[in-house]
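Student: Submitted below is the structure of interest, expressed as structure tokens.
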Amino acid sequence: MTSYLFRRIAEAVLILIGISFITYILLFLVPADPVRQIAGRSATPETVENIRRQLGLDLPFYQQYWRYFSGLIQGDLGRSYIQKTEVSALINARLPASLLLMVAAIATELVIGLLMGVVSAIRRNSNTDQVLMVLSFIGVSAPQFVVGIILLYVFAVVLEWFPIGGYGTWQHVVLPATTLGILGAGWYSRMMRSSMLNVLGQDFVRTARAKGLSRVRVIFRHAVPNALLPIIAMIGIDVGIFMSGIVVVESVYGWPGIGQLAWQAIQRVDIPIIMGVTLVAACAIVIGNLLADIIALFVDPRIKLK
Amino acid sequence: MRIFSALIRRKLGCFGLISIMFVVILAVFAPWLAPYDPDQQFFEGLTLEGAPLSPNKQFWLGTDLLGRDLLSRLIYGAQTSMIIGIVANGVAVIIGSLVGITAGFLRGFVGSVLMRFADLMMAFPALLLAIVLAAIFKPSLWIVALVIAMVNWVQVARVVYSETVSLAEQDFIVAERSLGASKTRILFKHIAPHLLSTIIVFGTLGISTTVLLEATLSYLGVGVQPPTPSWGNIIFENQTYFTTAPWLVFFPGIAIVFMALGFNLVGDSLREILDPTMKGRQS
């Protein structure tokens, strides 16, 4: 078990190093010359040359990467071309907002998705089941910016139940979290349904039923906890989907997180910020997957046997 | 043919197939179906204040912020989505299958290098990676398609890989091998045909992912560039008007959901039809 954990953590570290390398190659390929952008149009060739040397851009590729990598380890993500501030400071300031949104979205998708899945499985092949499954298909087929704009129009502009955008109170969280959660709710409801069907067909459920336990008790005490086991590993994968989703959702709702930061950077081609957010997001994904594997290990004793 | 009739018999699969055919017809016959030229800006297409027109007799779905006919732009947008869906997803499926089969069949060093690289790509947030690639290569229709393929091949590779690995260990392959069949014969004659159904299923589901990614990239302004109409960039261009002219967001939004839903439903039905372990379970 310790060796498994050790191997998984070592793998995660290797993947992060690989990601930093690919990110750097991409940065290298960008046609825009960062020196020109920093120096401005009226700079003399000497100034340009000085800045290039200061940034180490005259060095060979592997030395440049080493400089970048040793900076990364110390938490240095470089400087924004346009805002001239440290990328790490910009990201740090916005990370809490994004984390709050993600936690709220995970809660939303789990509540909606699992509930739909359980109801579908219990009422298998009924009309309720079919309607719920069609809804789940629509959930996974709807792009988040469309869901976002429509929710915004209906609940903020027409009904005025929630604020149009921004950050601060709990009312601000509801629409962005729902938008982000609908996609996941679609996946979870389908997975939970098949996982429940699988569990409901097993011997221990039949035994529980034969003991004369009530239907509610069989479902919620015996079936649901077991059906949840394969779902837990999926929450780690969600982090990756959210990291793409927040770029869209935060820009639709004006939510001051790292997604909005990335979106603004896209508009201005501010590469260091885009790279910084990509790296932070990749870290979050790797850590999320690692945590999901570790939690699954503790929750489901059967995995240890393998 | 057997698969086709099984697909038609399922309610959801049949609905999915009809919606796909609808979009295909729109895309292929766009020049005949569209009432107007999608790029033409009508003088009477804007109100006196310069705002877009709501749906009316002349412009069935209204006009956009430049006074162009929304219906015509949506019909031509189907072409964009179809091209992206087929090209981007086709390239992704080809790369993914090749990587997956190679890694799964050869195993060893080559196999683990390929799959570690796939793991690496999985850890990148897809949208951000696509944005960075699009920023590097200045988006055009074909570049957007390639960028999406670069991001989406990984899923296919992983599925094909694990399928190949489990196939290669099955008794009938071991028997072939002990009979002295060559590697290429085993690969093409015995393993590849078994992978076909997996590839078809993921190829179909992948089109929906591709269409959604294209729409999102175009919505963020780094996908298909105006004036080429795409359902995503129609929303991108018009979103400032969404409080006063919500149809400019709703109609393209519905179009995207409709197409993605169609491919999702057909893909999912195909999975059930083609999966031998599911046989007999469906009534």
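Naming scheme: A, B, ... for chains in displayed order of the structure tokens; residues 1 onward per chain; ligands 1 onward as shown.
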Residues of chain B near chain A: apply a cut-off of 9 Å, count only C-alpha atoms, and supply the list as a count of residues only.
Tutor: 49
Student: Tell me which protein, DNA and RNA residues are within 6 Å of segment 30-33 of chain B, counting only C-alpha atoms, leaving out same-chain ones fewer than 2 positions away, and put them as a PyMOL selection string.
Tutor: chain B and resi 26-28+75-76
Student: List every residue of segment 49-78 of chain B that DSSP, applied to the backbone of this structure, assigns to helix (DSSP H, G or I), and report them as a list in words.
Tutor: Leu70, Leu71, Ser72, Arg73, Leu74, Ile75, Tyr76, Gly77 and Ala78 of chain B
Student: Selected residues, N, CA and C atoms, written as a CSV table (one decimal), in the first residue's frame, please.
Tutor:
```
chain,number,residue,atom,x,y,z
B,70,LEU,N,-30.2,35.9,-39.8
B,70,LEU,CA,-29.7,34.9,-38.8
B,70,LEU,C,-29.9,33.5,-39.3
B,71,LEU,N,-31.1,33.2,-40.0
B,71,LEU,CA,-31.4,31.9,-40.5
B,71,LEU,C,-30.3,31.5,-41.5
B,72,SER,N,-30.0,32.3,-42.4
B,72,SER,CA,-29.0,32.0,-43.4
B,72,SER,C,-27.6,31.7,-42.8
B,73,ARG,N,-27.3,32.5,-41.7
B,73,ARG,CA,-26.0,32.3,-41.1
B,73,ARG,C,-26.0,31.0,-40.3
B,74,LEU,N,-27.2,30.6,-39.7
B,74,LEU,CA,-27.2,29.4,-39.0
B,74,LEU,C,-27.1,28.2,-40.0
B,75,ILE,N,-27.7,28.3,-41.1
B,75,ILE,CA,-27.7,27.2,-42.1
B,75,ILE,C,-26.2,27.0,-42.6
B,76,TYR,N,-25.5,28.1,-42.9
B,76,TYR,CA,-24.2,28.0,-43.3
B,76,TYR,C,-23.3,27.6,-42.1
B,77,GLY,N,-23.7,27.9,-40.9
B,77,GLY,CA,-22.9,27.5,-39.7
B,77,GLY,C,-22.9,26.0,-39.6
B,78,ALA,N,-24.0,25.3,-40.1
B,78,ALA,CA,-24.0,23.9,-40.1
B,78,ALA,C,-22.9,23.3,-40.9
```
Student: Name all residues at most 9 Å from Val154 of chain B (count only C-alpha atoms; drop same-chain ones fewer than 5 positions away) and give them as number ranges by chain.
Tutor: B: 92, 95-96, 99-100, 118-119, 121-122, 159
Student: In Å to one decimal, how far is atom CA of Ile106 of chain A from atom CA of Leu151 of chain A?
Tutor: 18.2 Å
Student: Would you work out the distance separating atom CA of Thr47 of chain B from atom CA of Gly67 of chain B, expressed in Å to one decimal?
Tutor: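 Calculated distance between atom CA of Thr47 of chain B and atom CA of Gly67 of chain B is 8.9 Å.
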